[in-house]
Each structure stands twice: as structure tokens, then as C-alpha cells.
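**Student:** For reference, this is final.json, and it has JSON, C-alpha atoms.
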```json
[["chain", "number", "residue", "atom", "x", "y", "z"],
["R", 1, "MET", "CA", 48.74, 104.86, 108.33],
["R", 2, "THR", "CA", 46.87, 106.81, 105.67],
["R", 3, "SER", "CA", 45.70, 105.28, 102.44],
["R", 4, "ARG", "CA", 48.18, 107.55, 100.67],
["R", 5, "GLY", "CA", 50.95, 106.04, 102.75],
["R", 6, "ASN", "CA", 49.76, 102.55, 101.84],
["R", 7, "LEU", "CA", 49.60, 103.21, 98.11],
["R", 8, "PRO", "CA", 53.30, 102.84, 97.26],
["R", 9, "ARG", "CA", 53.53, 99.55, 99.15],
["R", 10, "GLY", "CA", 50.39, 98.16, 97.54],
["R", 11, "ALA", "CA", 51.54, 99.36, 94.14],
["R", 12, "ALA", "CA", 54.95, 97.75, 94.69],
["R", 13, "THR", "CA", 53.32, 94.40, 95.50],
["R", 14, "ILE", "CA", 51.14, 94.59, 92.38],
["R", 15, "ALA", "CA", 54.14, 95.54, 90.23],
["R", 16, "LEU", "CA", 56.24, 92.64, 91.56],
["R", 17, "CYS", "CA", 53.35, 90.23, 91.01],
["R", 18, "PHE", "CA", 52.91, 91.53, 87.44],
["R", 19, "ILE", "CA", 56.63, 91.00, 86.67],
["R", 20, "THR", "CA", 56.43, 87.48, 88.06],
["R", 21, "ALA", "CA", 53.30, 86.80, 85.98],
["R", 22, "LEU", "CA", 55.25, 87.87, 82.88],
["R", 23, "LEU", "CA", 57.81, 85.17, 83.63],
["R", 24, "GLU", "CA", 55.05, 82.67, 84.36],
["R", 25, "GLY", "CA", 53.54, 83.35, 80.93],
["R", 26, "LEU", "CA", 56.90, 83.07, 79.21],
["R", 27, "ASP", "CA", 57.62, 79.71, 80.82],
["R", 28, "LEU", "CA", 54.10, 78.40, 80.25],
["R", 29, "GLN", "CA", 54.36, 78.98, 76.50],
["R", 30, "SER", "CA", 58.04, 78.28, 76.02],
["R", 31, "VAL", "CA", 57.66, 74.55, 75.35],
["R", 32, "GLY", "CA", 54.90, 75.10, 72.79],
["R", 33, "ILE", "CA", 56.99, 77.64, 70.91],
["R", 34, "ALA", "CA", 60.14, 75.51, 71.12],
["R", 35, "ALA", "CA", 58.23, 72.35, 70.14],
["R", 36, "PRO", "CA", 59.39, 72.17, 66.48],
["R", 37, "GLY", "CA", 63.05, 72.39, 67.55],
["R", 38, "ILE", "CA", 62.61, 69.95, 70.44],
["R", 39, "GLY", "CA", 60.77, 67.45, 68.26],
["R", 40, "ALA", "CA", 63.42, 67.61, 65.55],
["R", 41, "GLU", "CA", 66.38, 67.22, 67.94],
["R", 42, "PHE", "CA", 64.95, 64.36, 70.00],
["R", 43, "LYS", "CA", 63.12, 62.82, 67.00],
["R", 44, "LEU", "CA", 59.76, 62.86, 68.78],
["R", 45, "ALA", "CA", 56.53, 61.71, 67.20],
["R", 46, "PRO", "CA", 53.44, 63.93, 67.77],
["R", 47, "ALA", "CA", 52.19, 61.60, 70.51],
["R", 48, "MET", "CA", 55.51, 61.86, 72.36],
["R", 49, "MET", "CA", 55.44, 65.64, 71.95],
["R", 50, "GLY", "CA", 51.99, 65.58, 73.50],
["R", 51, "TRP", "CA", 53.48, 63.97, 76.61],
["R", 52, "VAL", "CA", 56.07, 66.74, 76.79],
["R", 53, "PHE", "CA", 53.24, 69.29, 76.80],
["R", 54, "SER", "CA", 51.27, 67.24, 79.32],
["R", 55, "ALA", "CA", 54.23, 66.89, 81.69],
["R", 56, "GLY", "CA", 54.12, 70.57, 82.58],
["R", 57, "LEU", "CA", 50.36, 70.41, 83.09],
["R", 58, "VAL", "CA", 50.77, 67.34, 85.33],
["R", 59, "GLY", "CA", 52.93, 69.49, 87.61],
["R", 60, "LEU", "CA", 50.49, 72.41, 87.66],
["R", 61, "LEU", "CA", 47.76, 70.69, 89.70],
["R", 62, "PRO", "CA", 49.81, 69.47, 92.69],
["R", 63, "GLY", "CA", 51.84, 72.69, 92.50],
["R", 64, "ALA", "CA", 48.71, 74.83, 92.88],
["R", 65, "PHE", "CA", 47.23, 72.63, 95.62],
["R", 66, "PHE", "CA", 50.30, 72.14, 97.79],
["R", 67, "GLY", "CA", 51.59, 75.65, 97.10],
["R", 68, "GLY", "CA", 48.38, 77.11, 98.53],
["R", 69, "TRP", "CA", 48.43, 74.66, 101.45],
["R", 70, "LEU", "CA", 52.02, 75.61, 102.33],
["R", 71, "ALA", "CA", 51.36, 79.32, 101.87],
["R", 72, "ASP", "CA", 48.62, 79.20, 104.51],
["R", 73, "ARG", "CA", 51.13, 77.75, 106.95],
["R", 74, "ILE", "CA", 54.51, 79.37, 106.26],
["R", 75, "GLY", "CA", 53.54, 82.50, 104.34],
["R", 76, "ARG", "CA", 52.68, 83.44, 100.78],
["R", 77, "LYS", "CA", 55.88, 85.38, 100.17],
["R", 78, "THR", "CA", 58.10, 82.44, 101.21],
["R", 79, "VAL", "CA", 56.27, 79.94, 99.01],
["R", 80, "LEU", "CA", 56.18, 82.35, 96.05],
["R", 81, "VAL", "CA", 59.95, 82.93, 96.21],
["R", 82, "TRP", "CA", 60.62, 79.17, 96.23],
["R", 83, "ALA", "CA", 58.06, 78.56, 93.46],
["R", 84, "VAL", "CA", 59.73, 81.11, 91.19],
["R", 85, "LEU", "CA", 63.14, 79.60, 91.95],
["R", 86, "LEU", "CA", 61.75, 76.14, 91.15],
["R", 87, "PHE", "CA", 60.36, 76.97, 87.73],
["R", 88, "GLY", "CA", 63.45, 79.03, 86.89],
["R", 89, "ILE", "CA", 65.90, 76.27, 87.79],
["R", 90, "PHE", "CA", 63.96, 73.58, 85.92],
["R", 91, "SER", "CA", 63.53, 75.81, 82.90],
["R", 92, "LEU", "CA", 67.32, 75.84, 82.76],
["R", 93, "ALA", "CA", 67.24, 72.07, 83.24],
["R", 94, "THR", "CA", 64.94, 71.82, 80.19],
["R", 95, "ALA", "CA", 67.60, 73.54, 78.10],
["R", 96, "HIS", "CA", 70.12, 70.91, 79.23],
["R", 97, "ALA", "CA", 67.89, 67.83, 78.86],
["R", 98, "TRP", "CA", 69.88, 64.98, 77.31],
["R", 99, "ASP", "CA", 67.05, 62.59, 76.45],
["R", 100, "TYR", "CA", 63.28, 62.20, 76.40],
["R", 101, "SER", "CA", 63.00, 61.10, 80.05],
["R", 102, "SER", "CA", 65.06, 64.01, 81.39],
["R", 103, "LEU", "CA", 62.99, 66.39, 79.26],
["R", 104, "LEU", "CA", 59.75, 65.05, 80.78],
["R", 105, "ALA", "CA", 61.14, 65.28, 84.33],
["R", 106, "ALA", "CA", 62.29, 68.87, 83.82],
["R", 107, "ARG", "CA", 58.83, 69.88, 82.54],
["R", 108, "VAL", "CA", 57.03, 68.22, 85.49],
["R", 109, "PHE", "CA", 59.12, 70.13, 88.03],
["R", 110, "THR", "CA", 58.75, 73.35, 86.03],
["R", 111, "GLY", "CA", 54.99, 72.83, 86.18],
["R", 112, "LEU", "CA", 55.13, 72.39, 89.97],
["R", 113, "GLY", "CA", 56.68, 75.83, 90.34],
["R", 114, "LEU", "CA", 54.34, 77.45, 87.83],
["R", 115, "GLY", "CA", 51.30, 75.89, 89.49],
["R", 116, "ALA", "CA", 52.30, 77.14, 92.93],
["R", 117, "ALA", "CA", 53.12, 80.68, 91.80],
["R", 118, "LEU", "CA", 50.04, 81.88, 89.92],
["R", 119, "PRO", "CA", 47.40, 81.50, 92.68],
["R", 120, "LEU", "CA", 49.73, 83.28, 95.10],
["R", 121, "LEU", "CA", 50.20, 86.16, 92.68],
["R", 122, "ILE", "CA", 46.43, 86.58, 92.48],
["R", 123, "ALA", "CA", 46.00, 86.33, 96.26],
["R", 124, "LEU", "CA", 48.76, 88.87, 97.01],
["R", 125, "THR", "CA", 47.43, 91.30, 94.40],
["R", 126, "SER", "CA", 43.88, 90.96, 95.71],
["R", 127, "GLU", "CA", 45.03, 91.81, 99.24],
["R", 128, "ALA", "CA", 47.19, 94.75, 98.12],
["R", 129, "ALA", "CA", 44.58, 96.41, 95.88],
["R", 130, "ASP", "CA", 41.92, 98.93, 96.84],
["R", 131, "PRO", "CA", 38.60, 97.02, 97.10],
["R", 132, "LYS", "CA", 37.02, 99.36, 94.51],
["R", 133, "ILE", "CA", 39.46, 98.27, 91.81],
["R", 134, "ARG", "CA", 40.30, 94.78, 93.07],
["R", 135, "SER", "CA", 39.06, 92.92, 89.98],
["R", 136, "THR", "CA", 40.93, 95.32, 87.71],
["R", 137, "ALA", "CA", 44.13, 94.96, 89.74],
["R", 138, "VAL", "CA", 43.90, 91.16, 89.66],
["R", 139, "SER", "CA", 43.20, 91.31, 85.92],
["R", 140, "LEU", "CA", 46.21, 93.59, 85.43],
["R", 141, "THR", "CA", 48.44, 91.09, 87.22],
["R", 142, "TYR", "CA", 46.98, 88.17, 85.29],
["R", 143, "CYS", "CA", 47.48, 89.95, 81.95],
["R", 144, "GLY", "CA", 51.20, 89.59, 82.64],
["R", 145, "VAL", "CA", 50.76, 85.90, 81.72],
["R", 146, "PRO", "CA", 49.72, 86.49, 78.09],
["R", 147, "LEU", "CA", 52.18, 89.36, 77.73],
["R", 148, "GLY", "CA", 54.93, 87.01, 78.88],
["R", 149, "GLY", "CA", 53.67, 84.58, 76.26],
["R", 150, "ALA", "CA", 53.99, 87.32, 73.64],
["R", 151, "ILE", "CA", 57.62, 87.81, 74.68],
["R", 152, "ALA", "CA", 58.14, 84.06, 74.32],
["R", 153, "ALA", "CA", 56.62, 84.20, 70.82],
["R", 154, "VAL", "CA", 58.99, 87.02, 69.82],
["R", 155, "LEU", "CA", 61.97, 85.03, 71.11],
["R", 156, "GLY", "CA", 60.72, 82.03, 69.15],
["R", 157, "MET", "CA", 60.70, 84.05, 65.92],
["R", 158, "MET", "CA", 64.32, 85.11, 66.34],
["R", 159, "GLU", "CA", 67.24, 83.01, 65.16],
["R", 160, "PHE", "CA", 69.86, 82.18, 67.81],
["R", 161, "ASP", "CA", 72.93, 79.95, 67.64],
["R", 162, "ALA", "CA", 71.62, 78.00, 70.64],
["R", 163, "GLY", "CA", 68.35, 77.32, 68.79],
["R", 164, "TRP", "CA", 65.32, 76.30, 70.83],
["R", 165, "ARG", "CA", 67.28, 76.38, 74.10],
["R", 166, "VAL", "CA", 67.47, 80.18, 74.23],
["R", 167, "ILE", "CA", 63.87, 80.57, 75.37],
["R", 168, "PHE", "CA", 64.57, 78.24, 78.33],
["R", 169, "TYR", "CA", 67.77, 80.09, 79.24],
["R", 170, "VAL", "CA", 65.78, 83.34, 79.40],
["R", 171, "GLY", "CA", 62.96, 81.56, 81.25],
["R", 172, "GLY", "CA", 65.48, 80.22, 83.75],
["R", 173, "VAL", "CA", 67.98, 82.97, 84.49],
["R", 174, "VAL", "CA", 65.48, 85.85, 84.78],
["R", 175, "PRO", "CA", 63.16, 84.07, 87.28],
["R", 176, "VAL", "CA", 66.13, 83.27, 89.53],
["R", 177, "ALA", "CA", 67.02, 86.98, 89.55],
["R", 178, "VAL", "CA", 63.39, 87.97, 90.16],
["R", 179, "ALA", "CA", 63.14, 85.49, 93.06],
["R", 180, "LEU", "CA", 65.91, 87.47, 94.78],
["R", 181, "LEU", "CA", 63.97, 90.68, 94.06],
["R", 182, "LEU", "CA", 60.84, 89.18, 95.59],
["R", 183, "TYR", "CA", 62.79, 88.11, 98.69],
["R", 184, "LEU", "CA", 64.15, 91.62, 99.17],
["R", 185, "LEU", "CA", 61.17, 93.79, 98.25],
["R", 186, "LEU", "CA", 57.89, 91.86, 98.45],
["R", 187, "ARG", "CA", 55.80, 92.33, 101.60],
["R", 188, "GLU", "CA", 54.30, 89.28, 103.26],
["R", 189, "SER", "CA", 50.53, 88.85, 103.07],
["R", 190, "PRO", "CA", 48.90, 91.23, 105.62],
["R", 191, "SER", "CA", 46.43, 88.56, 106.75],
["R", 192, "PHE", "CA", 49.27, 86.10, 107.36],
["R", 193, "ARG", "CA", 51.27, 88.65, 109.34],
["R", 194, "GLN", "CA", 48.24, 89.54, 111.46],
["R", 195, "GLN", "CA", 47.05, 85.99, 112.12],
["R", 196, "GLY", "CA", 50.40, 84.20, 112.16],
["R", 197, "THR", "CA", 48.80, 81.33, 110.24],
["R", 198, "LEU", "CA", 45.95, 81.18, 107.78],
["R", 199, "HIS", "CA", 45.13, 77.50, 107.78],
["R", 200, "ALA", "CA", 42.36, 77.52, 110.41],
["R", 201, "HIS", "CA", 40.62, 80.47, 108.76],
["R", 202, "GLY", "CA", 41.31, 78.99, 105.35],
["R", 203, "ASP", "CA", 39.68, 75.69, 106.33],
["R", 204, "ARG", "CA", 36.51, 77.54, 107.38],
["R", 205, "ARG", "CA", 36.46, 79.51, 104.12],
["R", 206, "VAL", "CA", 36.85, 76.33, 102.07],
["R", 207, "SER", "CA", 34.06, 74.52, 103.91],
["R", 208, "GLY", "CA", 31.84, 77.55, 103.36],
["R", 209, "LEU", "CA", 32.10, 77.02, 99.60],
["R", 210, "PHE", "CA", 30.01, 73.86, 100.02],
["R", 211, "ASP", "CA", 27.20, 75.41, 102.06],
["R", 212, "LYS", "CA", 23.85, 74.81, 100.39],
["R", 213, "PRO", "CA", 23.18, 78.44, 99.32],
["R", 214, "VAL", "CA", 26.44, 78.70, 97.35],
["R", 215, "LEU", "CA", 27.13, 75.07, 96.40],
["R", 216, "GLY", "CA", 25.67, 75.49, 92.89],
["R", 217, "SER", "CA", 27.75, 78.58, 92.23],
["R", 218, "THR", "CA", 30.89, 76.84, 93.50],
["R", 219, "MET", "CA", 30.38, 73.87, 91.17],
["R", 220, "LEU", "CA", 29.62, 76.09, 88.16],
["R", 221, "LEU", "CA", 32.70, 78.24, 88.76],
["R", 222, "TRP", "CA", 34.94, 75.18, 89.19],
["R", 223, "ALA", "CA", 33.55, 73.54, 86.04],
["R", 224, "ALA", "CA", 33.93, 76.75, 84.02],
["R", 225, "CYS", "CA", 37.49, 77.23, 85.27],
["R", 226, "PHE", "CA", 38.43, 73.61, 84.49],
["R", 227, "PHE", "CA", 37.14, 73.59, 80.92],
["R", 228, "THR", "CA", 38.35, 77.12, 80.12],
["R", 229, "LEU", "CA", 41.87, 76.30, 81.30],
["R", 230, "THR", "CA", 41.78, 73.03, 79.35],
["R", 231, "VAL", "CA", 41.15, 74.97, 76.14],
["R", 232, "LEU", "CA", 43.68, 77.65, 77.10],
["R", 233, "TYR", "CA", 46.54, 75.23, 77.77],
["R", 234, "MET", "CA", 45.78, 73.28, 74.60],
["R", 235, "LEU", "CA", 46.11, 76.49, 72.61],
["R", 236, "LEU", "CA", 49.24, 77.62, 74.46],
["R", 237, "ASN", "CA", 50.97, 74.33, 73.71],
["R", 238, "TRP", "CA", 49.64, 73.28, 70.34],
["R", 239, "LEU", "CA", 48.76, 76.47, 68.46],
["R", 240, "PRO", "CA", 52.26, 77.10, 66.98],
["R", 241, "SER", "CA", 52.65, 73.47, 65.87],
["R", 242, "LEU", "CA", 49.10, 73.34, 64.44],
["R", 243, "LEU", "CA", 49.65, 76.52, 62.44],
["R", 244, "ILE", "CA", 52.92, 75.22, 61.00],
["R", 245, "GLY", "CA", 51.16, 71.96, 60.22],
["R", 246, "GLN", "CA", 48.51, 73.93, 58.28],
["R", 247, "GLY", "CA", 51.24, 75.31, 56.04],
["R", 248, "TYR", "CA", 51.98, 78.64, 57.70],
["R", 249, "SER", "CA", 55.59, 79.67, 58.13],
["R", 250, "ARG", "CA", 57.25, 79.92, 61.53],
["R", 251, "PRO", "CA", 57.16, 83.76, 61.49],
["R", 252, "GLN", "CA", 53.46, 83.68, 60.54],
["R", 253, "ALA", "CA", 52.73, 81.27, 63.40],
["R", 254, "GLY", "CA", 54.68, 83.57, 65.71],
["R", 255, "ILE", "CA", 52.60, 86.59, 64.68],
["R", 256, "VAL", "CA", 49.35, 84.71, 65.38],
["R", 257, "GLN", "CA", 50.73, 83.65, 68.76],
["R", 258, "ILE", "CA", 51.70, 87.23, 69.61],
["R", 259, "LEU", "CA", 48.21, 88.50, 68.72],
["R", 260, "PHE", "CA", 46.67, 85.64, 70.74],
["R", 261, "ASN", "CA", 48.59, 86.84, 73.79],
["R", 262, "ILE", "CA", 47.93, 90.54, 73.23],
["R", 263, "GLY", "CA", 44.26, 89.66, 72.96],
["R", 264, "GLY", "CA", 44.57, 87.77, 76.24],
["R", 265, "ALA", "CA", 45.98, 90.83, 78.00],
["R", 266, "ALA", "CA", 43.22, 93.07, 76.60],
["R", 267, "GLY", "CA", 40.52, 90.58, 77.57],
["R", 268, "SER", "CA", 41.87, 90.26, 81.08],
["R", 269, "ILE", "CA", 41.83, 94.01, 81.75],
["R", 270, "LEU", "CA", 38.53, 94.81, 80.04],
["R", 271, "SER", "CA", 36.71, 91.88, 81.63],
["R", 272, "GLY", "CA", 38.03, 92.97, 85.02],
["R", 273, "ARG", "CA", 36.65, 96.47, 84.42],
["R", 274, "MET", "CA", 33.24, 95.00, 83.53],
["R", 275, "VAL", "CA", 33.18, 93.07, 86.81],
["R", 276, "ASP", "CA", 34.23, 96.14, 88.82],
["R", 277, "ARG", "CA", 31.32, 98.02, 87.20],
["R", 278, "ASN", "CA", 28.87, 95.30, 88.29],
["R", 279, "ARG", "CA", 28.49, 93.76, 84.84],
["R", 280, "PRO", "CA", 29.70, 90.21, 85.42],
["R", 281, "LEU", "CA", 26.94, 88.63, 83.30],
["R", 282, "LEU", "CA", 27.89, 90.78, 80.30],
["R", 283, "ALA", "CA", 31.54, 89.77, 80.73],
["R", 284, "VAL", "CA", 30.63, 86.06, 80.81],
["R", 285, "VAL", "CA", 28.34, 86.26, 77.75],
["R", 286, "VAL", "CA", 30.93, 88.17, 75.69],
["R", 287, "VAL", "CA", 33.76, 85.83, 76.66],
["R", 288, "TYR", "CA", 32.06, 82.48, 76.09],
["R", 289, "ALA", "CA", 30.15, 83.43, 72.94],
["R", 290, "GLY", "CA", 33.32, 84.96, 71.56],
["R", 291, "MET", "CA", 35.34, 81.88, 72.52],
["R", 292, "LEU", "CA", 33.02, 79.63, 70.52],
["R", 293, "LEU", "CA", 33.20, 81.83, 67.41],
["R", 294, "SER", "CA", 36.95, 82.47, 67.58],
["R", 295, "LEU", "CA", 37.85, 78.81, 68.06],
["R", 296, "ALA", "CA", 35.70, 77.94, 65.05],
["R", 297, "GLY", "CA", 37.57, 80.65, 63.15],
["R", 298, "LEU", "CA", 40.95, 79.17, 64.09],
["R", 299, "GLY", "CA", 39.84, 75.75, 62.89],
["R", 300, "LEU", "CA", 38.09, 76.77, 59.67],
["R", 301, "SER", "CA", 40.07, 79.75, 58.40],
["R", 302, "ASN", "CA", 41.95, 79.47, 55.10],
["R", 303, "SER", "CA", 43.11, 83.10, 55.13],
["R", 304, "PHE", "CA", 46.10, 84.32, 57.12],
["R", 305, "ASN", "CA", 44.44, 87.71, 57.74],
["R", 306, "PHE", "CA", 41.34, 86.01, 59.12],
["R", 307, "MET", "CA", 43.58, 83.74, 61.20],
["R", 308, "LEU", "CA", 45.12, 86.86, 62.76],
["R", 309, "ILE", "CA", 41.67, 88.13, 63.73],
["R", 310, "ALA", "CA", 40.60, 84.73, 65.09],
["R", 311, "GLY", "CA", 43.85, 84.43, 67.06],
["R", 312, "PHE", "CA", 43.39, 87.83, 68.70],
["R", 313, "ALA", "CA", 39.71, 87.10, 69.48],
["R", 314, "ALA", "CA", 40.53, 83.67, 70.95],
["R", 315, "GLY", "CA", 43.16, 85.22, 73.20],
["R", 316, "TYR", "CA", 40.74, 87.96, 74.31],
["R", 317, "CYS", "CA", 38.09, 85.42, 75.23]]
```
Rewrite the structure of this file - the entire thing - as C-alpha cells.
**Tutor:**
Amino acid sequence: MTSRGNLPRGAATIALCFITALLEGLDLQSVGIAAPGIGAEFKLAPAMMGWVFSAGLVGLLPGAFFGGWLADRIGRKTVLVWAVLLFGIFSLATAHAWDYSSLLAARVFTGLGLGAALPLLIALTSEAADPKIRSTAVSLTYCGVPLGGAIAAVLGMMEFDAGWRVIFYVGGVVPVAVALLLYLLLRESPSFRQQGTLHAHGDRRVSGLFDKPVLGSTMLLWAACFFTLTVLYMLLNWLPSLLIGQGYSRPQAGIVQILFNIGGAAGSILSGRMVDRNRPLLAVVVVYAGMLLSLAGLGLSNSFNFMLIAGFAAGYC
């Protein structure tokens, strides 16, 4: 089949992965945006609210690990459909939590689905994209996460009769519908279809990461990913509450959160373009130097306008 014939199918996969990433971003940030309402209804102290945030993160790690392990054995499409169903159903369960324990349980299972979905979105996009624009295509898919967060921030600024629960209704019903769309339209991973199973090849690829010539690079990438995601998830969960605690109004906190996410989408695409143009070192220097400055700006700013700039820059980096 010609590359022209392959384009619509590859583009369809990337589009479906982008839509799913939007929902992933909405669900990832929903609890942080709903935190003031949740804390008030369940009378939670800050430390207890911290456990609510952490519950979702606790689910992310095993979700990512076992989701990838299952995908190598039964197919990436199958696992992705079930992962999206999982975080959709337990987002709805969050809206119907009746006490602190049920709230924590709902967030853990939501995290399991979220953790399983995102690596599969990146893997499917990477396979579907033309090698010349692979980093850009992956970045485009990943920018769905902050854009979904921006949608969550907009929902958080709006007044609804159902209060904080609305964001979890949206984050529950829409993923269930999209899971059906994925089942009907998403193509299975080409490598899985050709090989029948990926686990033997996957095991060799994993062991290769620890070969002496690349071991240092593997450790540096893992460390950078760990600490960057630590900062990212802290900001996703705590930024709205911290801004309100500093005296900003809920709409002002929402605007900063929206700019943070728009910055994240811009940073994802532009950094991907730098890598595709063989400028990875420039991308790393810009991102990490900018991260240091923007986080200092978020912590030290006394001006709302400067806070807007720092929020956008932190999201970009």
C-alpha cells in the first residue's frame, strides 16, 4: 500500500489518541480543581486532601507498568479501551463517593486507568507517525493532556447546581463513549499484529537499555522523567488550592491554571519540533532553565499579571 493510502489510517490513530489524551488531562486535573469543593463537603484537613491527591498517583505507577505488560501480550488497542473505561467509570464513582475512604478508593482506580492509558497513546502514535515527524506527532498527542486540563479549569470556573461533581460526570461519561469509539475505529498496533505477541521482543529491548554503552543515558532519562513528573503532578494537584490560599479568587486561580495548560501544549509541540530538527540539547536547556525560573516566579510573585506569566512559562517548561 502506498504511503498516501496509509496516511488516513495513521492520521486517524493519531487523532483518536489525541482525543483520549484530552480526557486523560481532564481527569488528571479534575481532583485538583475540585479540591476546594471536596474539602469543604467532606471537611478534609490539608493533610487529608494531600492523600486524595496522592491516591490517584498511587494508581498511576502500577497502571503504567501492568498496562504495558498486558499490552505486549494481548494488544495495545485492547488494553487502551479497558484503561479508558476504567478511568471513566471510576471518575463517575468519584462523583458518587459517600465518605473519605470511598473517595480514596475511587481515585486509586482512576489512577490505574490513567496510568495504563498514557504510555499506550504515545506508543500507538509513535508507530502511526511518519519517522520524519515522529517526535512532533508524539508531542501533538501529548499536548492533549494539558489542553484537557485547560478544559477542566474552565469547567471549574463555571457554577453548576451539582457543584464540584460536574467535572467528574464529564470526566466519566465522555471517556466511556470514547472507549466505544476506540473499539470501533482504532487500529491495533502494527507490530503486535505482525508478531502476534510483543513480549519476547519487548524483553530484549528492555534488557538492551542496561547495556554498558547506554546505561548512563537510561539512568539519566529515568531520573529526569521521575523528578519532572513529580513537579508536574504537584502543580496539577496543588496549584489551584495554593493560589486560593495566597488570596487569589477562584476565577483568578482558574485563569492561571488555563494558562499553565496552554503553556504545556505549546511547550510540548515546540520541544518536539526542536528534537525533530536535531536540537535536543537546546530543548533540554530551555526547558530546565525555564522551569527553575518559572517555579521561582510562581512562589515569589505578588502580582497577578506576573503570576499569569509565570504560570504560562511553568506549563511550557
**Student:** Rounded to one decimal, what separation in Å do you get between CA of Leu235 (chain R) and CA of Leu28 (chain R)?
**Tutor:**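 For CA of Leu235 (chain R) relative to CA of Leu28 (chain R), the distance reads 11.2 Å.
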**Student:** Could you check the closest approach to Arg273 (chain R) for each of R:Val173, R:Leu140, R:Cys225, R:Leu295 and tell me which residue wins, using all atoms listed in the file?
**Tutor:**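 Using all atoms listed in the file, the shortest distance to Arg273 (chain R) belongs to R:Leu140.
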**Student:** Quick one: distance from CA of Phe87 (chain R) to CA of Tyr183 (chain R) in Å, one decimal?
**Tutor:**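 Spanning CA of Phe87 (chain R) to CA of Tyr183 (chain R) is a straight-line distance of 15.8 Å.
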**Student:** What lies within 10 Å of region 38-54 of chain R using only C-alpha atoms, ignoring chain neighbours under 6 positions off, as number ranges by chain?
**Tutor:** R: 28-29, 31-32, 60, 95, 97-101, 103-108, 111, 163-165, 233-234, 236-238, 241
**Student:** Work out how far apart CA of Val58 (chain R) and CA of Phe109 (chain R) are and give it in Å to one decimal.
**Tutor:** 9.2 Å
**Student:** Identify, on the basis of only C-alpha atoms, every residue whose closest approach to Ala313 (chain R) does not exceed 7 Å; exclude the query and any residue fewer than 4 positions from it along the same chain; express the result as a VMD selection string.
**Tutor:** chain R and resid 263 294 309 317
**Student:** Write the residues of the preceding selection, restricted to C-alpha atoms, as a PDB file, keeping the file's coordinate frame.
**Tutor:**
```
ATOM      1  CA  GLY R 263      44.260  89.660  72.960  1.00  0.00           C
ATOM      2  CA  SER R 294      36.950  82.470  67.580  1.00  0.00           C
ATOM      3  CA  ILE R 309      41.670  88.130  63.730  1.00  0.00           C
ATOM      4  CA  CYS R 317      38.090  85.420  75.230  1.00  0.00           C
TER       5      CYS R 317
END
```
**Student:** Return the single residue from R:Ala21, R:Ala296, R:Ala116, R:Leu209 that is closest to Val138 (chain R), with distances computed using only C-alpha atoms.
**Tutor:**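 Of all the options, R:Ala21 lies closest to Val138 (chain R).
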**Student:** Rank R:Cys17, R:Ile151, R:Ala35, R:Val214 by their smallest atom-to-atom distance to Ile122 (chain R), using all atoms listed in the file, and report the top residue only.
**Tutor:**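 Using all atoms listed in the file, the shortest distance to Ile122 (chain R) belongs to R:Cys17.
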**Student:** Name all residues at most 10 Å from Met274 (chain R) (count only C-alpha atoms; drop same-chain ones fewer than 5 positions away) and give them as an MDAnalysis selection string.
**Tutor:** chainID R and resid 135:136 269 279:284
**Student:** Neighbourhood query: residues within 9 Å of (51.9, 91.6, 90.6), file coordinates, counting only C-alpha atoms; return as a list in words.
**Tutor:**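 Within the cut-off we find Ala11, Ala12, Thr13, Ile14, Ala15, Leu16, Cys17, Phe18, Ile19, Thr20, Ala21, Leu121, Ile122, Leu124, Thr125, Ala137, Val138, Leu140, Thr141, Tyr142 and Gly144 of chain R.
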**Student:** Given the choices R:Leu155, R:Ile258, R:Ala265, R:Leu92, which gets closest to Leu239 (chain R) if the distance is worked out from all atoms listed in the file?
**Tutor:**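 Once distances to Leu239 (chain R) are computed over all atoms listed in the file, the minimum belongs to R:Ile258.
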**Student:** If we count all atoms listed in the file, what is near region 76-80 of chain R at a cut-off of 8 Å, once residues fewer than 4 positions away on the same chain are taken out, given as a PyMOL selection string?
**Tutor:** chain R and resi 67-68+70-72+84+116-117+120-121+124+182-183+186-189+192
**Student:** Given the selection you just returned, output its residues as a file containing C-alpha atoms, formatted as a PDB file, in the coordinates of the input.
**Tutor:**
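Saved result, again.pdb, follows:
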```pdb
ATOM      1  CA  GLY R  67      51.590  75.650  97.100  1.00  0.00           C
ATOM      2  CA  GLY R  68      48.380  77.110  98.530  1.00  0.00           C
ATOM      3  CA  LEU R  70      52.020  75.610 102.330  1.00  0.00           C
ATOM      4  CA  ALA R  71      51.360  79.320 101.870  1.00  0.00           C
ATOM      5  CA  ASP R  72      48.620  79.200 104.510  1.00  0.00           C
ATOM      6  CA  VAL R  84      59.730  81.110  91.190  1.00  0.00           C
ATOM      7  CA  ALA R 116      52.300  77.140  92.930  1.00  0.00           C
ATOM      8  CA  ALA R 117      53.120  80.680  91.800  1.00  0.00           C
ATOM      9  CA  LEU R 120      49.730  83.280  95.100  1.00  0.00           C
ATOM     10  CA  LEU R 121      50.200  86.160  92.680  1.00  0.00           C
ATOM     11  CA  LEU R 124      48.760  88.870  97.010  1.00  0.00           C
ATOM     12  CA  LEU R 182      60.840  89.180  95.590  1.00  0.00           C
ATOM     13  CA  TYR R 183      62.790  88.110  98.690  1.00  0.00           C
ATOM     14  CA  LEU R 186      57.890  91.860  98.450  1.00  0.00           C
ATOM     15  CA  ARG R 187      55.800  92.330 101.600  1.00  0.00           C
ATOM     16  CA  GLU R 188      54.300  89.280 103.260  1.00  0.00           C
ATOM     17  CA  SER R 189      50.530  88.850 103.070  1.00  0.00           C
ATOM     18  CA  PHE R 192      49.270  86.100 107.360  1.00  0.00           C
TER      19      PHE R 192
END
```
**Student:** Would you mind putting back N, CA and C atoms on region 114-122 of chain R, then writing it out as a compact mmCIF listing (two decimals), in the coordinates of the input?
**Tutor:**
```txt
# COMPACT_ATOMS: atom_id res chain seq x y z
N LEU R 114 55.32 76.58 88.49
CA LEU R 114 54.34 77.45 87.83
C LEU R 114 52.98 77.34 88.51
N GLY R 115 52.59 76.10 88.85
CA GLY R 115 51.30 75.89 89.49
C GLY R 115 51.22 76.55 90.85
N ALA R 116 52.30 76.52 91.60
CA ALA R 116 52.30 77.14 92.93
C ALA R 116 52.30 78.65 92.86
N ALA R 117 52.93 79.23 91.84
CA ALA R 117 53.12 80.68 91.80
C ALA R 117 51.86 81.46 91.46
N LEU R 118 51.12 81.04 90.43
CA LEU R 118 50.04 81.88 89.92
C LEU R 118 48.94 82.16 90.94
N PRO R 119 48.42 81.17 91.68
CA PRO R 119 47.40 81.50 92.68
C PRO R 119 47.90 82.47 93.74
N LEU R 120 49.18 82.37 94.10
CA LEU R 120 49.73 83.28 95.10
C LEU R 120 49.84 84.69 94.56
N LEU R 121 50.16 84.83 93.28
CA LEU R 121 50.20 86.16 92.68
C LEU R 121 48.83 86.82 92.74
N ILE R 122 47.79 86.05 92.44
CA ILE R 122 46.43 86.58 92.48
C ILE R 122 46.03 86.94 93.91
```
